[in-house]
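Shown next: protein-v5.txt, containing compact mmCIF, C-alpha atoms.
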```txt
# COMPACT_ATOMS: atom_id res chain seq x y z
CA GLN A 1 78.58 117.62 94.38
CA VAL A 2 77.56 113.98 94.07
CA GLN A 3 79.72 110.99 94.92
CA LEU A 4 78.86 107.65 93.35
CA VAL A 5 79.99 104.20 94.46
CA GLU A 6 79.18 101.09 92.44
CA SER A 7 79.00 97.57 93.79
CA GLY A 8 77.76 94.14 92.78
CA GLY A 9 80.13 93.29 89.98
CA GLY A 10 81.86 89.94 89.72
CA LEU A 11 82.33 86.78 87.73
CA VAL A 12 79.26 85.00 86.38
CA GLN A 13 78.64 82.24 83.87
CA ALA A 14 76.95 82.94 80.59
CA GLY A 15 73.19 82.94 81.04
CA GLY A 16 73.49 84.07 84.63
CA SER A 17 72.42 87.25 86.39
CA LEU A 18 73.94 90.04 88.42
CA ARG A 19 72.54 93.13 90.07
CA LEU A 20 74.67 96.24 90.22
CA SER A 21 74.05 98.98 92.75
CA CYS A 22 75.16 102.58 92.76
CA ALA A 23 74.97 104.47 96.02
CA ALA A 24 74.95 108.24 95.77
CA SER A 25 75.90 110.75 98.42
CA GLY A 26 75.34 114.46 98.22
CA HIS A 27 72.21 116.43 97.81
CA ALA A 28 69.15 116.32 95.59
CA PHE A 29 69.56 112.78 94.27
CA ASN A 30 66.02 113.00 92.99
CA SER A 31 67.03 115.82 90.63
CA TYR A 32 69.35 113.67 88.59
CA THR A 33 68.99 111.42 85.62
CA MET A 34 71.06 108.36 86.53
CA GLY A 35 72.85 106.34 83.91
CA TRP A 36 74.87 103.17 83.52
CA PHE A 37 77.68 102.97 81.01
CA ARG A 38 80.24 100.28 80.31
CA GLN A 39 83.67 99.92 78.78
CA ALA A 40 84.93 96.63 77.44
CA PRO A 41 88.65 95.98 76.90
CA GLY A 42 89.89 97.80 73.83
CA LYS A 43 86.56 99.54 73.24
CA GLU A 44 85.12 102.93 73.94
CA ARG A 45 82.76 103.48 76.82
CA GLU A 46 79.14 103.05 75.75
CA PHE A 47 75.68 103.79 77.04
CA VAL A 48 73.78 100.94 78.71
CA ALA A 49 70.72 102.35 80.46
CA ALA A 50 69.37 105.45 82.17
CA ILE A 51 66.45 106.42 84.36
CA SER A 52 64.70 109.71 84.98
CA TRP A 53 64.80 111.45 88.33
CA SER A 54 61.25 110.26 89.06
CA GLY A 55 61.94 106.71 87.94
CA ASP A 56 59.05 106.62 85.49
CA ILE A 57 61.10 106.95 82.29
CA THR A 58 63.81 104.48 81.34
CA TYR A 59 66.18 104.29 78.40
CA TYR A 60 68.12 101.27 77.14
CA ALA A 61 70.72 100.47 74.57
CA ASP A 62 69.42 98.04 71.97
CA SER A 63 72.04 95.49 73.00
CA VAL A 64 70.60 95.13 76.51
CA LYS A 65 66.90 95.81 75.95
CA GLY A 66 64.81 92.99 77.34
CA ARG A 67 67.70 91.62 79.43
CA PHE A 68 68.66 94.52 81.70
CA THR A 69 66.41 96.57 83.97
CA ILE A 70 67.33 99.88 85.55
CA SER A 71 65.55 101.10 88.65
CA ARG A 72 66.06 103.55 91.48
CA ASP A 73 65.10 104.09 95.08
CA ASN A 74 65.22 107.79 95.83
CA ALA A 75 64.67 107.16 99.54
CA LYS A 76 67.93 105.19 99.57
CA ASN A 77 69.79 107.36 97.05
CA THR A 78 70.51 104.23 95.05
CA VAL A 79 70.16 103.16 91.45
CA TYR A 80 70.23 99.53 90.33
CA LEU A 81 70.96 97.61 87.19
CA GLN A 82 69.50 94.11 87.07
CA MET A 83 71.31 92.13 84.40
CA ASN A 84 69.87 88.84 83.17
CA SER A 85 70.84 86.42 80.41
CA LEU A 86 74.40 87.66 80.48
CA ASN A 87 76.78 86.77 77.69
CA SER A 88 80.46 87.29 77.03
CA GLU A 89 79.79 90.56 75.21
CA ASP A 90 78.55 92.03 78.48
CA THR A 91 82.01 91.71 80.00
CA ALA A 92 83.13 95.23 80.87
CA VAL A 93 83.70 97.75 83.59
CA TYR A 94 80.33 99.24 84.46
CA TYR A 95 80.09 102.88 85.50
CA CYS A 96 77.32 104.74 87.23
CA ALA A 97 76.84 108.39 86.30
CA ALA A 98 74.63 111.31 87.29
CA ARG A 99 73.30 114.14 85.18
CA PHE A 100 71.33 117.02 86.66
CA TYR A 101 67.90 117.05 85.02
CA SER A 102 64.78 117.74 87.03
CA ALA A 103 62.37 118.61 84.22
CA VAL A 104 59.27 116.55 83.54
CA GLY A 105 59.38 114.29 80.50
CA GLN A 106 62.11 112.82 78.33
CA ASP A 107 65.71 113.80 78.95
CA PRO A 108 67.16 114.41 75.47
CA TYR A 109 70.73 113.80 76.64
CA SER A 110 70.16 110.70 78.74
CA ARG A 111 72.28 108.57 76.41
CA SER A 112 75.11 111.05 75.98
CA GLN A 113 77.97 110.41 78.39
CA ARG A 114 79.50 113.81 77.79
CA ASN A 115 76.45 115.30 79.49
CA TYR A 116 76.98 113.40 82.72
CA LEU A 117 78.95 115.37 85.28
CA TYR A 118 79.46 112.85 88.04
CA TRP A 119 80.93 109.36 87.67
CA GLY A 120 81.69 106.42 89.88
CA GLN A 121 84.91 104.42 89.86
CA GLY A 122 83.37 101.47 88.08
CA THR A 123 82.78 97.82 88.89
CA GLN A 124 84.05 94.88 86.85
CA VAL A 125 81.61 92.41 85.35
CA THR A 126 83.09 89.31 83.77
CA VAL A 127 80.95 86.75 81.99
CA SER A 128 82.54 83.37 81.36
CA SER A 129 81.36 81.24 78.48
```
Show me, as structure tokens, the structure contained in the file I just sent.
Amino acid sequence: QVQLVESGGGLVQAGGSLRLSCAASGHAFNSYTMGWFRQAPGKEREFVAAISWSGDITYYADSVKGRFTISRDNAKNTVYLQMNSLNSEDTAVYYCAARFYSAVGQDPYSRSQRNYLYWGQGTQVTVSS
């Protein structure tokens, strides 16, 4: 069992930055692919970014590539999402999720939310233009 708690959301002006954090409790944090997803009003939840259990492989949606950076600190059981150059289309509730995957190499389901078992409650990010 893994519990996830997101923090760091808020209101920011277009062009600004925010850093989201996701603190995990439970065991074997370093056996999980960690992902960030988001859901904008009236839209389906979508993949944003993910990171391998070791932290050496990252995955990004095309819409955030070059602006967002995912990272993790296994010693602190925490995953981060640094978001730069924010725009109004980034406004959404951001969710942290965990998927058990301890193999070496690419996780073929890192972008598939249906393969993530554990989810946080979400944190609101609002970008004003």
One-decimal distance in Å that lies between CA of Tyr59 (chain A) and CA of Gly15 (chain A): 22.6 Å
Surrounding residues of Glu46 (chain A) excluding itself and chain neighbours under 5 positions, 8 Å, all atoms listed in the file, as JSON, numbers by chain: {"A": [37, 38, 39, 113]}
Mind checking which residues fall within 10 Å of Ala103 (chain A), counting only C-alpha atoms, ignoring those fewer than 3 positions away in the same chain, and posting them as a PyMOL selection string? chain A and resi 31-33+52-54+100+106-107
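For the choices A:Ala50, A:Met34, A:Val64, A:Cys22, the atom-to-atom distance to Val5 (chain A) is smallest for A:Cys22 when using all atoms listed in the file.
Among the candidates A:Phe29, A:Tyr80, A:Tyr94, A:Trp36, the one nearest to Thr123 (chain A) when counting all atoms listed in the file is A:Tyr94.
Between CA of Ser7 (chain A) and CA of Asp73 (chain A) the separation is 15.4 Å.
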Counting all atoms listed in the file, what is within 10 Å of Asp90 (chain A), bar same-chain residues fewer than 4 positions away, as a PyMOL selection string? chain A and resi 14+38-40+63-64+83+85-86+94+125-128
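The shell of residues at most 8 Å from Ala97 (chain A), with all atoms listed in the file counted and near chain neighbours (fewer than 6 positions) removed, consists of Leu4, Met34, Gly35, Trp36, Phe37, Tyr116, Leu117, Tyr118, Trp119 and Gly120 of chain A.
Across the structure, CA of Ser129 (chain A) and CA of Pro41 (chain A) are spaced 16.5 Å apart.
The nearest approach to Ser25 (chain A) among the residues A:Asn87, A:Thr58, A:Gln1, A:Gln82, with all atoms listed in the file taken into account, belongs to A:Gln1.
Between Asn77 (chain A) and the candidates A:Val104, A:Val48, A:Leu11, A:Ala98, the tightest atom-to-atom separation, counting only C-alpha atoms, involves A:Ala98.
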Which residue of A:Val2, A:Arg67, A:Tyr109, A:Lys43 approaches Ser17 (chain A) most closely, using all atoms listed in the file: A:Arg67
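Counting only C-alpha atoms and comparing A:Gly8, A:Asn74, A:Cys96, A:Leu20, the residue that lies closest to Gly122 (chain A) is A:Cys96.
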Kindly reconstruct region 13-36 of chain A with N, CA and C atoms and present the result as a compact mmCIF listing (two decimals), in the coordinates of the input.
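This went into rebuild22.txt:
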```
# COMPACT_ATOMS: atom_id res chain seq x y z
N GLN A 13 78.67 83.06 85.08
CA GLN A 13 78.64 82.24 83.87
C GLN A 13 77.63 82.80 82.88
N ALA A 14 77.88 82.51 81.63
CA ALA A 14 76.95 82.94 80.59
C ALA A 14 75.54 82.41 80.90
N GLY A 15 74.56 83.28 80.71
CA GLY A 15 73.19 82.94 81.04
C GLY A 15 72.78 83.32 82.45
N GLY A 16 73.76 83.72 83.25
CA GLY A 16 73.49 84.07 84.63
C GLY A 16 73.05 85.51 84.79
N SER A 17 72.92 85.91 86.06
CA SER A 17 72.42 87.25 86.39
C SER A 17 73.31 87.91 87.43
N LEU A 18 73.30 89.23 87.40
CA LEU A 18 73.94 90.04 88.42
C LEU A 18 73.09 91.29 88.63
N ARG A 19 73.17 91.84 89.82
CA ARG A 19 72.54 93.13 90.07
C ARG A 19 73.59 94.12 90.56
N LEU A 20 73.75 95.18 89.83
CA LEU A 20 74.67 96.24 90.22
C LEU A 20 73.91 97.30 91.01
N SER A 21 74.61 97.88 91.96
CA SER A 21 74.05 98.98 92.75
C SER A 21 74.97 100.18 92.65
N CYS A 22 74.38 101.34 92.76
CA CYS A 22 75.16 102.58 92.76
C CYS A 22 74.59 103.47 93.86
N ALA A 23 75.38 103.64 94.90
CA ALA A 23 74.97 104.47 96.02
C ALA A 23 75.48 105.89 95.83
N ALA A 24 74.59 106.84 95.97
CA ALA A 24 74.95 108.24 95.77
C ALA A 24 74.93 108.99 97.09
N SER A 25 75.89 109.85 97.27
CA SER A 25 75.90 110.75 98.42
C SER A 25 75.95 112.18 97.90
N GLY A 26 75.46 113.09 98.70
CA GLY A 26 75.34 114.46 98.22
C GLY A 26 73.89 114.87 98.30
N HIS A 27 73.55 115.94 97.67
CA HIS A 27 72.21 116.43 97.81
C HIS A 27 71.39 116.27 96.53
N ALA A 28 70.10 116.28 96.71
CA ALA A 28 69.15 116.32 95.59
C ALA A 28 69.31 115.16 94.61
N PHE A 29 69.45 113.96 95.14
CA PHE A 29 69.56 112.78 94.27
C PHE A 29 68.38 112.70 93.33
N ASN A 30 67.21 113.12 93.82
CA ASN A 30 66.02 113.00 92.99
C ASN A 30 65.90 114.13 91.97
N SER A 31 66.98 114.83 91.71
CA SER A 31 67.03 115.82 90.63
C SER A 31 67.94 115.39 89.50
N TYR A 32 68.37 114.14 89.56
CA TYR A 32 69.35 113.67 88.59
C TYR A 32 68.83 112.52 87.75
N THR A 33 69.06 112.62 86.46
CA THR A 33 68.99 111.42 85.62
C THR A 33 70.20 110.57 85.99
N MET A 34 69.98 109.28 86.19
CA MET A 34 71.06 108.36 86.53
C MET A 34 71.27 107.41 85.36
N GLY A 35 72.53 107.20 85.04
CA GLY A 35 72.85 106.34 83.91
C GLY A 35 73.87 105.27 84.26
N TRP A 36 73.84 104.20 83.47
CA TRP A 36 74.87 103.17 83.52
C TRP A 36 75.56 103.13 82.16
```
